[in-house]
Amino acid sequence: MKKLPFTGSGVALVTPFNPDGTPNYEKLSELIEMHISHKTDAIIICGTTGEASTLPDDIHLDIIKFTVEKAAGRIPVIGGTGSNDTAHAIDFSIKAEQFGCDAVLCVTPYYNKATSKGLVAHYKAISDAISIPIILYNVPSRTGVNISIPTLKELAKIENVVAIKEASGNLSYAIKAAKEVPQLYIYSGNDDIIVPMLSIGAKGVISVVANILPEDTHNICEKYLSGDVGASLELQLNMLELINNLFIEVNPIPIKTAMNVLGYEVGYLKLPLCDMEDAHLEILKQSLRDYGVKKL
């Protein structure tokens, strides 16, 4: 088998901003330390939850570099380097490797999309440029592209392609991937189905809710993988309402709002993302109260 980047709960970390729009590196440092001390198994930086799509290139790369330096080998760091421009994805992936990332997360090309042949060529070009693991990111609700099982089989032949963040929410697809492409590791990309994904062989989750519940999310994975399926399922079911309400509006609006409500002071959302609707905010606040979430 190929090298596994991490097992367990990888947090899709938010990007904190100062009022002037610059990254709040002091706050980012605090969040990294919090996750290291509260059992998070990996940090995924500059992904969807980190608002990567609205980060200028230099800032995007600075955030990845800062995170690797701050983590200092204490926790795996996976840099979000995907793009709908293959040359851009290659450049970012090369730099992420130079910075010391343990792996890169590369979303399928969006908007211009790609044929199966184009997807294979895209990821092969990235793989040829770096030596660290590549995690595919299948999220058709955002990209308009779903990686077909035949295409996934071809992608699995690429040397550095080791895993897939499966965020289609389609368990039938995930089961087929697990059965027909066993050489690829799977991470759940949906917090509401961590246990079902683990049951078909997933090695963990790349999680949004872990931003505020790092230990509980870690424990869902750790307990399941150690054989305590009942305890894992209980955690998953208890967390379900909160997870659902963290997606009551498009991610990362609710999770960043929740963090601010809890006192993390991670700053505003970059346009075109904006403040939550008042009615949704009240629902989210009630979910936080019902679960008993506290700032760590």
# chains A, B, ... in the order shown; residues from 1 in each chain; ligands from 1
>>> closest_atom_pairs(of="region 181-273 of chain A", to="region 6-11 of chain A", cutoff="12 Å", atoms="only C-alpha atoms", output="CSV")
residue,atom,partner,partner_atom,distance
A:Tyr185,CA,A:Thr7,CA,10.0
A:Ile186,CA,A:Thr7,CA,10.2
A:Tyr187,CA,A:Gly8,CA,8.8
A:Ser188,CA,A:Ser9,CA,9.6
A:Gly189,CA,A:Gly10,CA,10.1
A:Asn190,CA,A:Ser9,CA,11.7
A:Asp191,CA,A:Ser9,CA,10.1
A:Ile194,CA,A:Ser9,CA,9.7
A:Val195,CA,A:Gly8,CA,11.5
A:Met197,CA,A:Gly8,CA,12.0
A:Leu198,CA,A:Gly8,CA,9.8
A:Gly201,CA,A:Thr7,CA,11.5
A:Ala202,CA,A:Thr7,CA,9.1
A:Lys203,CA,A:Thr7,CA,5.4
A:Gly204,CA,A:Gly8,CA,4.2
A:Val205,CA,A:Ser9,CA,5.1
A:Ile206,CA,A:Gly10,CA,4.7
A:Ser207,CA,A:Val11,CA,4.9
A:Val208,CA,A:Val11,CA,6.3
A:Val209,CA,A:Val11,CA,7.9
A:Ala210,CA,A:Val11,CA,5.4
A:Asn211,CA,A:Val11,CA,6.3
A:Ile212,CA,A:Val11,CA,9.6
A:Leu213,CA,A:Val11,CA,9.8
A:Pro214,CA,A:Val11,CA,7.7
A:Glu215,CA,A:Ser9,CA,8.9
A:Asp216,CA,A:Ser9,CA,9.4
A:Thr217,CA,A:Ser9,CA,6.1
A:His218,CA,A:Ser9,CA,4.9
A:Asn219,CA,A:Gly8,CA,8.3
A:Ile220,CA,A:Gly8,CA,8.4
A:Cys221,CA,A:Gly8,CA,5.2
A:Glu222,CA,A:Gly8,CA,6.4
A:Lys223,CA,A:Gly8,CA,9.8
A:Tyr224,CA,A:Gly8,CA,9.7
A:Leu225,CA,A:Gly8,CA,8.5
A:Ser226,CA,A:Gly8,CA,11.1
A:Ile255,CA,A:Val11,CA,11.9
>>> residues_around(residues="Arg74 (chain A)", least_positions_apart="6", cutoff="12 Å", atoms="only C-alpha atoms", output="JSON, numbers by chain")
{"A": [32, 33, 35, 36, 37, 39, 40, 41, 42, 43, 67, 68, 102]}
>>> write_last_selection(atoms="all heavy atoms", output="tab-separated table (two decimals), in the first residue's frame")
chain	number	residue	atom	x	y	z
A	32	ILE	N	-3.54	26.35	15.96
A	32	ILE	CA	-2.66	25.20	15.73
A	32	ILE	C	-2.30	24.54	17.06
A	32	ILE	O	-2.36	23.31	17.20
A	32	ILE	CB	-1.40	25.64	14.96
A	32	ILE	CG1	-1.77	26.07	13.54
A	32	ILE	CG2	-0.36	24.51	14.93
A	32	ILE	CD1	-0.67	26.83	12.82
A	33	GLU	N	-1.93	25.35	18.05
A	33	GLU	CA	-1.58	24.81	19.37
A	33	GLU	C	-2.77	24.11	20.01
A	33	GLU	O	-2.62	23.06	20.65
A	33	GLU	CB	-1.05	25.92	20.28
A	33	GLU	CG	0.29	26.50	19.86
A	33	GLU	CD	1.41	25.47	19.85
A	33	GLU	OE1	1.35	24.49	20.64
A	33	GLU	OE2	2.36	25.62	19.07
A	35	HIS	N	-5.23	22.59	18.51
A	35	HIS	CA	-5.46	21.30	17.87
A	35	HIS	C	-4.41	20.27	18.26
A	35	HIS	O	-4.74	19.08	18.45
A	35	HIS	CB	-5.54	21.47	16.36
A	35	HIS	CG	-6.86	22.00	15.92
A	35	HIS	ND1	-8.01	21.26	15.93
A	35	HIS	CD2	-7.23	23.24	15.49
A	35	HIS	CE1	-9.03	21.99	15.52
A	35	HIS	NE2	-8.58	23.20	15.26
A	36	ILE	N	-3.19	20.69	18.40
A	36	ILE	CA	-2.14	19.76	18.82
A	36	ILE	C	-2.42	19.24	20.23
A	36	ILE	O	-2.26	18.05	20.51
A	36	ILE	CB	-0.76	20.43	18.73
A	36	ILE	CG1	-0.37	20.65	17.26
A	36	ILE	CG2	0.30	19.58	19.44
A	36	ILE	CD1	0.89	21.48	17.07
A	37	SER	N	-2.89	20.11	21.10
A	37	SER	CA	-3.12	19.73	22.49
A	37	SER	C	-4.45	19.03	22.72
A	37	SER	O	-4.68	18.46	23.78
A	37	SER	CB	-3.02	20.95	23.41
A	37	SER	OG	-4.03	21.89	23.11
A	39	LYS	N	-5.83	16.62	20.50
A	39	LYS	CA	-5.89	15.31	19.83
A	39	LYS	C	-6.22	15.32	18.35
A	39	LYS	O	-6.42	14.24	17.76
A	39	LYS	CB	-6.85	14.37	20.57
A	39	LYS	CG	-6.47	14.09	22.02
A	39	LYS	CD	-7.39	13.06	22.64
A	39	LYS	CE	-6.98	12.76	24.06
A	39	LYS	NZ	-7.88	11.75	24.69
A	40	THR	N	-6.28	16.47	17.70
A	40	THR	CA	-6.46	16.47	16.25
A	40	THR	C	-5.27	15.73	15.63
A	40	THR	O	-4.13	15.87	16.07
A	40	THR	CB	-6.57	17.90	15.72
A	40	THR	OG1	-7.81	18.46	16.18
A	40	THR	CG2	-6.54	17.96	14.21
A	41	ASP	N	-5.55	14.95	14.60
A	41	ASP	CA	-4.53	14.07	14.02
A	41	ASP	C	-3.80	14.66	12.83
A	41	ASP	O	-2.75	14.14	12.43
A	41	ASP	CB	-5.18	12.74	13.62
A	41	ASP	CG	-5.78	12.02	14.82
A	41	ASP	OD1	-5.01	11.57	15.67
A	41	ASP	OD2	-7.02	11.94	14.91
A	42	ALA	N	-4.33	15.71	12.22
A	42	ALA	CA	-3.67	16.38	11.10
A	42	ALA	C	-4.33	17.74	10.90
A	42	ALA	O	-5.50	17.94	11.27
A	42	ALA	CB	-3.77	15.56	9.82
A	43	ILE	N	-3.59	18.65	10.31
A	43	ILE	CA	-4.11	19.98	9.97
A	43	ILE	C	-4.14	20.10	8.46
A	43	ILE	O	-3.11	19.92	7.79
A	43	ILE	CB	-3.27	21.10	10.60
A	43	ILE	CG1	-3.46	21.11	12.12
A	43	ILE	CG2	-3.64	22.45	9.99
A	43	ILE	CD1	-2.55	22.08	12.85
A	67	THR	N	2.07	27.64	8.84
A	67	THR	CA	1.48	26.49	9.54
A	67	THR	C	2.49	25.37	9.69
A	67	THR	O	2.60	24.75	10.77
A	67	THR	CB	0.23	26.00	8.79
A	67	THR	OG1	-0.70	27.08	8.70
A	67	THR	CG2	-0.42	24.82	9.50
A	68	VAL	N	3.24	25.08	8.64
A	68	VAL	CA	4.26	24.04	8.72
A	68	VAL	C	5.31	24.41	9.77
A	68	VAL	O	5.72	23.57	10.60
A	68	VAL	CB	4.93	23.83	7.35
A	68	VAL	CG1	6.12	22.88	7.47
A	68	VAL	CG2	3.93	23.27	6.35
A	102	ASP	N	3.39	17.56	4.63
A	102	ASP	CA	3.42	16.10	4.61
A	102	ASP	C	2.66	15.54	3.41
A	102	ASP	O	2.89	14.39	3.01
A	102	ASP	CB	2.83	15.56	5.90
A	102	ASP	CG	3.66	15.95	7.10
A	102	ASP	OD1	4.66	15.27	7.38
A	102	ASP	OD2	3.33	16.97	7.75
>>> select_by_dssp(residues="region 84-282 of chain A", states="strand (DSSP E or B)", output="PyMOL selection string")
chain A and resi 103-107+134-138+161-166+185-188+204-207
>>> write_last_selection(atoms="C-alpha atoms", output="CSV table (one decimal), in the first residue's frame")
chain,number,residue,atom,x,y,z
A,103,ALA,CA,0.9,15.9,1.7
A,104,VAL,CA,-1.2,18.1,-0.5
A,105,LEU,CA,-4.9,18.2,-1.0
A,106,CYS,CA,-5.9,18.8,-4.6
A,107,VAL,CA,-9.5,19.4,-5.6
A,134,ILE,CA,-1.5,13.7,-3.1
A,135,ILE,CA,-5.0,13.5,-1.7
A,136,LEU,CA,-7.6,13.8,-4.3
A,137,TYR,CA,-10.6,15.9,-3.4
A,138,ASN,CA,-14.0,14.8,-4.8
A,161,VAL,CA,-1.9,9.7,-5.6
A,162,VAL,CA,-2.5,7.9,-2.3
A,163,ALA,CA,-5.9,8.9,-1.0
A,164,ILE,CA,-9.2,10.6,-1.7
A,165,LYS,CA,-11.2,13.0,0.3
A,166,GLU,CA,-14.7,11.7,-0.6
A,185,TYR,CA,-7.1,5.3,1.1
A,186,ILE,CA,-10.4,7.0,1.8
A,187,TYR,CA,-11.1,10.0,4.1
A,188,SER,CA,-14.6,11.1,4.7
A,204,GLY,CA,-10.5,9.0,9.0
A,205,VAL,CA,-12.1,12.3,8.2
A,206,ILE,CA,-11.2,15.8,6.9
A,207,SER,CA,-13.5,17.6,9.2
>>> select_by_dssp(residues="region 55-182 of chain A", states="alpha helix (DSSP H)", output="PyMOL selection string")
chain A and resi 57-71+86-99+116-129+140-143+149-155+171-180
